[in-house]
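Colleague: File run.cif below, mmCIF, C-alpha atoms and all ligand atoms:
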```
data_protein
loop_
_atom_site.label_atom_id
_atom_site.label_comp_id
_atom_site.auth_asym_id
_atom_site.auth_seq_id
_atom_site.Cartn_x
_atom_site.Cartn_y
_atom_site.Cartn_z
CA MET A 28 29.61 -9.16 1.84
CA ALA A 29 26.39 -10.67 0.50
CA ARG A 30 25.22 -9.90 -2.99
CA ILE A 31 21.49 -9.28 -3.20
CA LEU A 32 19.91 -9.14 -6.62
CA THR A 33 16.43 -8.50 -7.88
CA GLY A 34 14.67 -7.56 -11.09
CA ILE A 35 11.45 -5.75 -11.70
CA GLN A 36 9.66 -6.02 -15.02
CA SER A 37 8.86 -2.85 -16.91
CA THR A 38 5.20 -3.48 -17.59
CA GLY A 39 4.04 0.04 -16.66
CA THR A 40 4.71 2.90 -14.28
CA PRO A 41 5.21 1.30 -10.85
CA HIS A 42 2.05 1.79 -8.75
CA LEU A 43 1.67 2.36 -5.02
CA GLY A 44 1.61 -1.44 -4.44
CA ASN A 45 4.95 -1.90 -6.24
CA ILE A 46 6.43 1.07 -4.39
CA LEU A 47 5.41 0.02 -0.86
CA GLY A 48 5.75 -3.72 -1.50
CA ALA A 49 8.99 -3.90 -3.48
CA ILE A 50 10.81 -0.63 -4.15
CA ILE A 51 11.00 0.91 -0.66
CA PRO A 52 11.87 -2.44 1.04
CA GLY A 53 14.46 -3.14 -1.69
CA ILE A 54 16.13 0.22 -1.11
CA GLU A 55 16.14 -0.40 2.66
CA LEU A 56 17.85 -3.75 2.09
CA SER A 57 20.46 -2.17 -0.18
CA LYS A 58 21.35 0.29 2.59
CA GLN A 59 22.40 -2.43 5.02
CA SER A 60 26.14 -2.06 5.11
CA ASP A 61 27.01 -5.73 4.60
CA ASN A 62 25.01 -5.90 1.35
CA GLU A 63 25.89 -5.10 -2.22
CA ALA A 64 22.80 -4.73 -4.38
CA PHE A 65 22.36 -5.58 -8.05
CA PHE A 66 18.96 -4.21 -9.04
CA PHE A 67 17.85 -4.27 -12.64
CA ILE A 68 14.93 -3.62 -14.91
CA ALA A 69 13.84 -6.89 -16.48
CA ASP A 70 12.88 -5.31 -19.79
CA LEU A 71 13.65 -8.42 -21.86
CA HIS A 72 11.08 -10.31 -19.80
CA SER A 73 8.55 -7.53 -20.51
CA LEU A 74 8.72 -8.38 -24.23
CA THR A 75 6.80 -11.59 -23.48
CA GLN A 76 3.79 -9.31 -22.99
CA ILE A 77 4.41 -5.86 -24.47
CA LYS A 78 4.74 -5.56 -28.21
CA SER A 79 4.80 -1.76 -28.59
CA GLY A 80 8.38 -0.50 -28.71
CA GLU A 81 7.33 2.96 -27.66
CA GLN A 82 5.38 1.64 -24.69
CA LEU A 83 8.17 -0.70 -23.61
CA ARG A 84 10.79 2.06 -23.72
CA LYS A 85 8.56 4.43 -21.76
CA ASN A 86 7.82 1.77 -19.12
CA THR A 87 11.51 1.04 -18.74
CA TYR A 88 12.29 4.71 -18.13
CA ALA A 89 9.36 5.01 -15.71
CA THR A 90 10.55 1.98 -13.75
CA ALA A 91 14.12 3.30 -13.60
CA ALA A 92 12.91 6.79 -12.66
CA THR A 93 10.90 5.34 -9.76
CA TRP A 94 13.92 3.58 -8.23
CA LEU A 95 15.99 6.73 -8.62
CA ALA A 96 13.27 9.06 -7.34
CA PHE A 97 12.95 6.92 -4.19
CA GLY A 98 16.66 7.29 -3.57
CA PHE A 99 18.30 4.08 -4.77
CA ASP A 100 22.00 4.91 -4.54
CA THR A 101 23.63 3.98 -7.84
CA SER A 102 27.06 5.06 -6.62
CA THR A 103 27.27 2.22 -4.08
CA ASN A 104 25.10 -0.38 -5.88
CA VAL A 105 24.72 -1.72 -9.40
CA PHE A 106 21.64 -0.51 -11.28
CA TYR A 107 21.14 -1.63 -14.87
CA ARG A 108 18.80 -2.49 -17.68
CA GLN A 109 18.69 -6.21 -18.52
CA SER A 110 18.72 -5.45 -22.26
CA ASP A 111 22.04 -3.61 -21.86
CA VAL A 112 23.59 -7.00 -21.04
CA ALA A 113 21.39 -8.88 -23.55
CA ALA A 114 24.38 -10.38 -25.37
CA GLU A 115 25.68 -11.97 -22.19
CA VAL A 116 22.47 -12.86 -20.39
CA CYS A 117 20.79 -14.39 -23.46
CA GLN A 118 23.93 -16.36 -24.21
CA LEU A 119 23.99 -17.73 -20.67
CA ALA A 120 20.27 -18.51 -20.92
CA TRP A 121 21.00 -20.69 -23.97
CA PHE A 122 23.53 -22.72 -21.99
CA LEU A 123 21.09 -23.06 -19.11
CA ASN A 124 18.30 -24.13 -21.51
CA CYS A 125 20.36 -27.20 -22.25
CA TYR A 126 20.42 -28.10 -18.54
CA THR A 127 16.71 -27.48 -17.98
CA PRO A 128 14.35 -30.46 -18.17
CA PHE A 129 11.41 -29.75 -20.49
CA PRO A 130 8.77 -30.93 -17.95
CA MET A 131 10.11 -28.47 -15.36
CA LEU A 132 9.08 -25.63 -17.65
CA SER A 133 5.81 -27.14 -18.80
CA ASN A 134 4.73 -27.69 -15.17
CA ALA A 135 5.57 -24.16 -14.01
CA HIS A 136 2.38 -22.69 -12.56
CA SER A 137 3.19 -19.15 -13.67
CA PHE A 138 3.38 -20.44 -17.27
CA LYS A 139 0.19 -22.45 -16.87
CA ASP A 140 -1.66 -19.41 -15.43
CA LYS A 141 -0.41 -17.09 -18.13
CA SER A 142 -1.21 -19.49 -20.95
CA LYS A 143 -4.81 -19.63 -19.72
CA LYS A 144 -5.14 -15.86 -19.40
CA LEU A 145 -3.17 -14.43 -22.31
CA SER A 146 -3.96 -14.62 -26.00
CA ASP A 147 -0.27 -14.40 -26.94
CA VAL A 148 1.29 -17.60 -25.56
CA ASN A 149 4.78 -17.29 -27.01
CA ALA A 150 7.91 -19.38 -26.47
CA GLY A 151 9.42 -16.51 -24.51
CA LEU A 152 6.76 -17.03 -21.84
CA PHE A 153 7.68 -20.70 -21.76
CA THR A 154 11.42 -20.15 -21.31
CA TYR A 155 10.92 -17.11 -19.04
CA PRO A 156 12.27 -18.98 -15.96
CA VAL A 157 15.51 -19.87 -17.77
CA LEU A 158 16.25 -16.25 -18.60
CA MET A 159 15.43 -15.43 -14.99
CA ALA A 160 17.87 -18.14 -13.83
CA ALA A 161 20.56 -16.52 -16.04
CA ASP A 162 19.70 -13.13 -14.48
CA ILE A 163 20.47 -14.56 -11.07
CA ILE A 164 23.27 -17.12 -11.32
CA GLY A 165 25.07 -15.05 -13.96
CA TYR A 166 25.92 -12.60 -11.20
CA ASP A 167 26.74 -15.00 -8.34
CA ALA A 168 23.77 -13.63 -6.38
CA ASP A 169 23.48 -14.88 -2.79
CA PHE A 170 20.02 -13.53 -1.95
CA VAL A 171 17.05 -12.69 -4.15
CA PRO A 172 14.23 -10.70 -2.50
CA VAL A 173 11.01 -11.33 -4.44
CA GLY A 174 7.28 -11.74 -3.93
CA LYS A 175 5.91 -15.14 -2.91
CA ASP A 176 4.63 -15.61 -6.49
CA GLN A 177 8.24 -15.92 -7.65
CA GLN A 178 9.17 -18.75 -5.30
CA GLN A 179 8.82 -21.49 -7.91
CA HIS A 180 11.04 -19.53 -10.32
CA LEU A 181 13.68 -19.34 -7.60
CA GLU A 182 13.44 -23.08 -6.95
CA MET A 183 13.87 -23.72 -10.69
CA THR A 184 16.93 -21.45 -10.72
CA LYS A 185 18.48 -23.49 -7.93
CA ASP A 186 17.67 -26.77 -9.70
CA ILE A 187 19.23 -25.59 -12.97
CA ALA A 188 22.36 -24.34 -11.19
CA SER A 189 22.66 -27.58 -9.23
CA SER A 190 22.38 -29.77 -12.36
CA PHE A 191 25.14 -27.78 -14.00
CA ASN A 192 27.32 -27.93 -10.89
CA TYR A 193 26.69 -31.68 -10.58
CA ILE A 194 27.90 -32.35 -14.13
CA HIS A 195 30.73 -29.81 -14.34
CA GLY A 196 31.77 -29.24 -10.75
CA GLU A 197 31.22 -26.15 -8.60
CA THR A 198 30.47 -23.28 -11.01
CA PHE A 199 27.39 -21.39 -9.86
CA VAL A 200 26.55 -19.92 -6.48
CA LEU A 201 23.19 -21.35 -5.34
CA PRO A 202 20.93 -18.37 -4.62
CA GLN A 203 18.47 -18.11 -1.78
CA GLY A 204 15.07 -16.45 -2.18
CA ILE A 205 13.96 -13.95 0.46
CA TYR A 206 10.19 -13.84 0.84
CA ASP A 207 9.51 -11.28 3.50
CA LYS A 208 6.15 -12.14 5.05
CA ARG A 209 6.06 -8.77 6.79
CA VAL A 210 5.90 -7.00 3.45
CA MET A 211 2.40 -5.70 3.11
CA ILE A 212 -0.10 -6.51 0.41
CA VAL A 213 -1.33 -3.12 -0.70
CA PRO A 214 -5.06 -3.12 -1.53
CA GLY A 215 -6.31 -1.46 -4.69
CA THR A 216 -9.21 0.95 -5.11
CA ASP A 217 -11.65 -2.01 -5.10
CA GLY A 218 -10.14 -3.76 -2.05
CA GLN A 219 -8.46 -6.58 -4.04
CA LYS A 220 -4.65 -6.69 -4.22
CA MET A 221 -3.49 -3.59 -6.10
CA SER A 222 -2.45 -4.71 -9.56
CA LYS A 223 -2.05 -3.32 -13.03
CA SER A 224 -4.11 -6.17 -14.42
CA TYR A 225 -7.12 -5.44 -12.16
CA ASN A 226 -7.00 -1.76 -13.12
CA ASN A 227 -7.42 -0.84 -9.45
CA PHE A 228 -4.06 0.85 -8.97
CA ILE A 229 -2.98 4.27 -7.73
CA ASP A 230 -0.26 5.93 -9.77
CA ILE A 231 1.28 8.52 -7.46
CA PHE A 232 3.16 10.13 -10.36
CA LEU A 233 0.04 11.39 -12.12
CA SER A 234 -0.82 15.09 -12.06
CA ASP A 235 -2.64 16.25 -8.90
CA LYS A 236 -5.96 16.27 -10.72
CA ALA A 237 -5.64 12.79 -12.22
CA LEU A 238 -4.27 11.36 -8.97
CA ARG A 239 -7.16 12.86 -7.02
CA ASN A 240 -9.61 11.32 -9.52
CA GLN A 241 -8.06 7.89 -9.01
CA ILE A 242 -8.33 8.25 -5.24
CA MET A 243 -11.93 9.46 -5.43
CA LYS A 244 -12.76 6.21 -7.28
CA ILE A 245 -11.93 4.12 -4.19
CA GLU A 246 -14.96 1.93 -3.53
CA THR A 247 -16.72 2.51 -0.21
CA ASP A 248 -20.05 1.35 1.22
CA SER A 249 -23.26 3.40 1.28
CA THR A 250 -23.34 4.42 4.96
CA PRO A 251 -25.01 7.88 4.98
CA ILE A 252 -22.82 10.84 5.89
CA GLU A 253 -24.77 11.51 9.12
CA GLU A 254 -23.96 8.04 10.50
CA PRO A 255 -20.66 6.84 12.02
CA LYS A 256 -18.59 4.65 9.69
CA ASN A 257 -16.64 1.44 10.13
CA PHE A 258 -12.96 2.13 9.40
CA GLU A 259 -12.08 -1.57 9.56
CA SER A 260 -13.85 -2.47 6.34
CA CYS A 261 -12.96 0.70 4.44
CA ASN A 262 -10.43 0.65 1.54
CA ALA A 263 -9.71 4.35 1.87
CA PHE A 264 -8.82 3.86 5.54
CA ALA A 265 -6.67 0.78 4.76
CA LEU A 266 -4.58 2.80 2.30
CA TYR A 267 -4.41 5.78 4.66
CA ALA A 268 -3.19 3.54 7.49
CA LEU A 269 -0.33 2.19 5.33
CA LEU A 270 1.06 5.70 4.90
CA ALA A 271 0.09 7.64 8.02
CA ASP A 272 1.79 7.81 11.42
CA GLU A 273 0.09 6.57 14.59
CA GLY A 274 -1.27 9.97 15.58
CA GLN A 275 -2.80 10.50 12.16
CA ILE A 276 -4.33 7.01 12.21
CA ASP A 277 -5.93 7.58 15.64
CA LYS A 278 -7.34 10.87 14.49
CA MET A 279 -8.78 9.23 11.37
CA LYS A 280 -10.45 6.53 13.48
CA THR A 281 -12.13 9.29 15.49
CA ASN A 282 -13.21 10.96 12.26
CA TYR A 283 -14.85 7.73 11.07
CA ALA A 284 -16.81 7.56 14.33
CA THR A 285 -18.00 11.13 13.95
CA PRO A 286 -21.31 11.71 12.13
CA GLY A 287 -20.89 14.21 9.34
CA TYR A 288 -17.43 12.95 8.37
CA GLY A 289 -17.91 11.37 4.95
CA TYR A 290 -15.89 9.05 2.72
CA GLY A 291 -15.19 12.04 0.47
CA HIS A 292 -13.38 13.69 3.39
CA ALA A 293 -11.37 10.52 4.06
CA LYS A 294 -10.36 10.25 0.41
CA GLN A 295 -9.35 13.90 0.34
CA ALA A 296 -7.20 13.26 3.45
CA LEU A 297 -5.58 10.29 1.68
CA PHE A 298 -4.88 12.43 -1.38
CA ASP A 299 -3.33 15.16 0.79
CA LEU A 300 -1.21 12.59 2.63
CA ILE A 301 0.11 11.04 -0.60
CA CYS A 302 0.96 14.49 -1.97
CA GLU A 303 2.76 15.47 1.22
CA LYS A 304 4.54 12.17 1.79
CA PHE A 305 5.79 11.72 -1.77
CA LYS A 306 6.30 15.38 -2.61
CA THR A 307 9.99 15.15 -3.49
CA GLU A 308 9.69 11.74 -5.17
CA ARG A 309 6.92 12.99 -7.46
CA VAL A 310 8.94 16.03 -8.47
CA ARG A 311 12.10 13.99 -8.97
CA PHE A 312 10.26 11.35 -11.04
CA ASN A 313 8.89 13.97 -13.40
CA GLU A 314 12.27 15.68 -13.70
CA LEU A 315 13.86 12.37 -14.66
CA MET A 316 11.13 11.55 -17.17
CA GLU A 317 11.84 14.94 -18.78
CA ASN A 318 15.55 14.16 -18.82
CA THR A 319 15.90 10.53 -19.85
CA ASP A 320 19.55 11.21 -20.77
CA GLU A 321 20.24 11.31 -17.04
CA ILE A 322 18.54 7.92 -16.59
CA ASP A 323 20.56 6.53 -19.51
CA ARG A 324 23.75 7.92 -18.00
CA GLN A 325 23.16 6.17 -14.68
CA LEU A 326 22.09 2.91 -16.32
CA ALA A 327 25.17 2.93 -18.56
CA ILE A 328 27.46 2.91 -15.52
CA GLY A 329 25.55 -0.05 -14.09
CA ALA A 330 25.62 -1.86 -17.44
CA GLU A 331 29.43 -1.80 -17.46
CA GLN A 332 29.61 -3.24 -13.96
CA ALA A 333 26.96 -5.86 -14.69
CA LYS A 334 28.71 -6.84 -17.92
CA ALA A 335 31.99 -7.40 -16.12
CA ALA A 336 30.31 -9.62 -13.52
CA ILE A 337 28.33 -11.80 -15.92
CA SER A 338 31.21 -12.11 -18.42
CA SER A 339 33.33 -13.73 -15.79
CA VAL A 340 30.65 -16.35 -15.00
CA LEU A 341 29.95 -16.89 -18.71
CA GLY A 342 33.67 -17.47 -19.30
CA LYS A 343 33.68 -20.30 -16.74
CA VAL A 344 30.58 -21.85 -18.30
CA LYS A 345 32.04 -21.77 -21.82
CA ASN A 346 35.28 -23.21 -20.65
CA LYS A 347 33.60 -26.11 -18.88
CA THR A 348 31.20 -26.90 -21.71
CA GLY A 349 33.88 -27.07 -24.39
CA TYR A 350 33.78 -23.69 -26.12
P1 LIG A 401 4.49 -7.16 -10.40
O1 LIG A 401 4.37 -5.89 -11.16
O2 LIG A 401 3.17 -7.75 -9.99
O3 LIG A 401 5.42 -8.16 -11.06
O4 LIG A 401 5.18 -6.79 -9.01
C1 LIG A 401 6.47 -6.23 -8.89
C2 LIG A 401 6.84 -6.23 -7.41
O5 LIG A 401 5.89 -5.44 -6.66
C3 LIG A 401 6.84 -7.62 -6.76
O6 LIG A 401 7.88 -7.67 -5.80
C4 LIG A 401 5.51 -7.69 -6.06
O7 LIG A 401 5.53 -8.56 -4.96
C5 LIG A 401 5.27 -6.24 -5.65
N1 LIG A 401 3.82 -5.94 -5.63
C6 LIG A 401 2.99 -5.91 -6.69
N2 LIG A 401 1.73 -5.58 -6.32
C7 LIG A 401 1.75 -5.42 -4.98
C8 LIG A 401 0.76 -5.09 -3.98
N3 LIG A 401 -0.51 -4.85 -4.29
N4 LIG A 401 1.16 -5.03 -2.70
C9 LIG A 401 2.44 -5.26 -2.36
N5 LIG A 401 3.43 -5.57 -3.23
C10 LIG A 401 3.09 -5.65 -4.52
N1 LIG A 402 9.99 -12.57 -12.73
C1 LIG A 402 10.16 -11.42 -11.87
C2 LIG A 402 8.79 -10.79 -11.60
O1 LIG A 402 7.91 -10.84 -12.45
C3 LIG A 402 11.09 -10.39 -12.48
C4 LIG A 402 12.48 -10.92 -12.63
C5 LIG A 402 13.12 -11.23 -13.80
C6 LIG A 402 13.38 -11.22 -11.57
N2 LIG A 402 14.39 -11.69 -13.53
C7 LIG A 402 14.58 -11.68 -12.17
C8 LIG A 402 13.29 -11.12 -10.18
C9 LIG A 402 15.67 -12.07 -11.39
C10 LIG A 402 14.39 -11.50 -9.41
C11 LIG A 402 15.58 -11.97 -10.02
O2 LIG A 402 8.60 -10.19 -10.56
#
```
Kindly present the structure from the file in structure tokens form.

Modeller:
Amino acid sequence: MARILTGIQSTGTPHLGNILGAIIPGIELSKQSDNEAFFFIADLHSLTQIKSGEQLRKNTYATAATWLAFGFDTSTNVFYRQSDVAAEVCQLAWFLNCYTPFPMLSNAHSFKDKSKKLSDVNAGLFTYPVLMAADIIGYDADFVPVGKDQQQHLEMTKDIASSFNYIHGETFVLPQGIYDKRVMIVPGTDGQKMSKSYNNFIDIFLSDKALRNQIMKIETDSTPIEEPKNFESCNAFALYALLADEGQIDKMKTNYATPGYGYGHAKQALFDLICEKFKTERVRFNELMENTDEIDRQLAIGAEQAKAAISSVLGKVKNKTGY
């Protein structure tokens, strides 16, 4: 059985891009019978950017509620909050820090990008990849499905694990990143990649009214309503096509070619489709956000399992390093 592990930071409520690009594919992967999934909320990593306790806690619940609302099965997989194993994972990160060459961290492009963009360039941002390495090799993960942007972090994880193994003998499993090229890049309301930082995201968990407002903000060109429209260059169509079935897509193409069918109609159709497609997930999400005790209950079970796994690896590390 292969152990797949991934973490998702709690920097906000997951948007449609996160859901289609990471959460649904992750859940599909966890359902394959020869896999055992360790999925966690990387809330300690979020502290590198979020300094409001209230906001961080809310984001963590929203991230957990999204996985649960989309049907991640916590009875057959391990689902936990990184901070619930803080004692173990931060301890392991310290050990790994001492096997991580300084230039490896200072050359990391994610760190270089962030230090240009952010006003708060803290040491946590700098050592971010080491905590991530502890997240992975602390649990003997075989496969780590992540976005392409995380590839360098995965390579660093392997390098750190290999240095330790070289000095102390076989200790860590060397993980393999899975970068699924088929996973779609979901466009935002302005046509760029949907992202929290571009403020072009669609939050499907908003109320109907607020969700509809977000969808109505999708940027379209100024073709008059009485002229046929080009679906190929339209953001509203691109989003519709990611969610609709073939029949619905064909019908929408015909609509675009029909004078009198406007972008407002297409956006309304997208709104209706999102409401219909994610009906149960939206209800479930809101129920969970109203009952965070249930989220805590599920995460507590995962925390116990995660703690047992990482403690065993940490024990080996301490033994080999002289503690
Ligand atoms: P982030 O919040 O950017 O760290 O992303 C969390 C996860 O969602 C990663 O696996 C990303 O690859 C995925 N993701 C984020 N934005 C998009 C998007 N616009 N389209 C597809 N996947 C995305
Ligand atoms: N750095 C990852 C991201 O921003 C989140 C993360 C933290 C992670 N620890 C991890 C992903 C361990 C995979 C495995 O997307």

Colleague: Would you mind listing the residues within 6 Å of ligand LIG 401 (chain A), counting only C-alpha atoms and all ligand atoms, as number ranges by chain?

Modeller: A: 35, 44-45, 48-49, 173-174, 211-214, 220-222

Colleague: Would you list the residues that come within 7 Å of ligand LIG 402 (chain A)? Count all atoms listed in the file and give the answer as a list in words.

Modeller: Leu32, Thr33, Gly34, Ile35, Gln36, Ala69, His72, Met159, Ala160, Asp162, Ile163, Val171, Pro172, Val173, Gly174 and Gln177 of chain A

Colleague: Just the residues within 10 Å of Pro41 of chain A, please, counting all atoms listed in the file, with nothing from its chain fewer than 6 positions along; format it as a list of chain:residue names.

Modeller: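 Within the cut-off, the hits are A:Ile35, A:Ala49, A:Ile50, A:Asn86, A:Ala89, A:Thr90, A:Ala91, A:Ala92, A:Thr93, A:Trp94, A:Ser222, A:Lys223, A:Phe228, A:Ile229, A:Asp230, A:Ile231, A:Phe232.
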
Colleague: Return the padded bounding box of segment 111-130 of chain A as JSON: axis-aligned, built from all atoms listed in the file, 6 Å added on each side, with centre and edge lengths in Å to one decimal.

Modeller:
```
{"center_x": 17.2, "center_y": -17.3, "center_z": -21.7, "size_x": 28.9, "size_y": 39.3, "size_z": 19.4}
```

Colleague: Would you kindly return, as a PyMOL selection string, each protein, DNA or RNA residue with an atom no farther than 8 Å from any atom of Gly291 of chain A, considering all atoms listed in the file and excluding same-chain residues fewer than 3 positions away?

Modeller: chain A and resi 243+294-295

Colleague: Write to file, as a PDB file, in the frame of the given file, the residues of the selection just made, with C-alpha atoms.

Modeller:
```
ATOM      1  CA  MET A 243     -11.930   9.460  -5.430  1.00  0.00           C
ATOM      2  CA  LYS A 294     -10.360  10.250   0.410  1.00  0.00           C
ATOM      3  CA  GLN A 295      -9.350  13.900   0.340  1.00  0.00           C
TER       4      GLN A 295
END
```

Colleague: Given all atoms listed in the file as the basis, pick out the residue of A:Ile205, A:Ile252, A:Ala168, A:Val210 nearest to Pro286 of chain A.

Modeller: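 Closest residue, counting all atoms listed in the file: A:Ile252.
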
Colleague: Can you tell me, as a PyMOL selection string, what residues are no more than 12 Å from Phe258 of chain A when counting all atoms listed in the file, ignoring any on the same chain fewer than 6 positions away?

Modeller: chain A and resi 247-248+250+264-268+276-285+288-290+293

Colleague: Neighbours of Ile31 of chain A within 9 Å (all atoms listed in the file; same-chain residues fewer than 6 positions away dropped), as an MDAnalysis selection string?

Modeller: chainID A and resid 56:57 62:66 168:172

Colleague: Can you tell me how far atom CA of Asn262 of chain A sits from atom CA of Asn226 of chain A, in Å to one decimal?

Modeller: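 Between atom CA of Asn262 of chain A and atom CA of Asn226 of chain A the gap works out to 15.2 Å.
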
Colleague: Between A:Glu246, A:Ile322, A:Leu270, A:Gly39, single out the one closest to Lys85 of chain A, counting all atoms listed in the file.

Modeller: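 Of A:Glu246, A:Ile322, A:Leu270, A:Gly39, the one nearest Lys85 of chain A, counting all atoms listed in the file, is A:Gly39.
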
Colleague: Compile the contact shell of Ile245 of chain A as a list in words: residues with an atom at most 9 Å away, counting all atoms listed in the file, same-chain residues fewer than 4 positions apart removed.

Modeller: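 The contact residues come out as Gly215, Thr216, Asp217, Gly218, Asn227, Gln241, Asn262, Ala263 and Lys294 of chain A.
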
Colleague: Measuring between all atoms listed in the file, which one of A:Leu269, A:Gly349, A:Tyr166, A:Pro156 shows the shortest distance to Arg30 of chain A?

Modeller: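 That would be A:Tyr166, the residue with the smallest distance to Arg30 of chain A.
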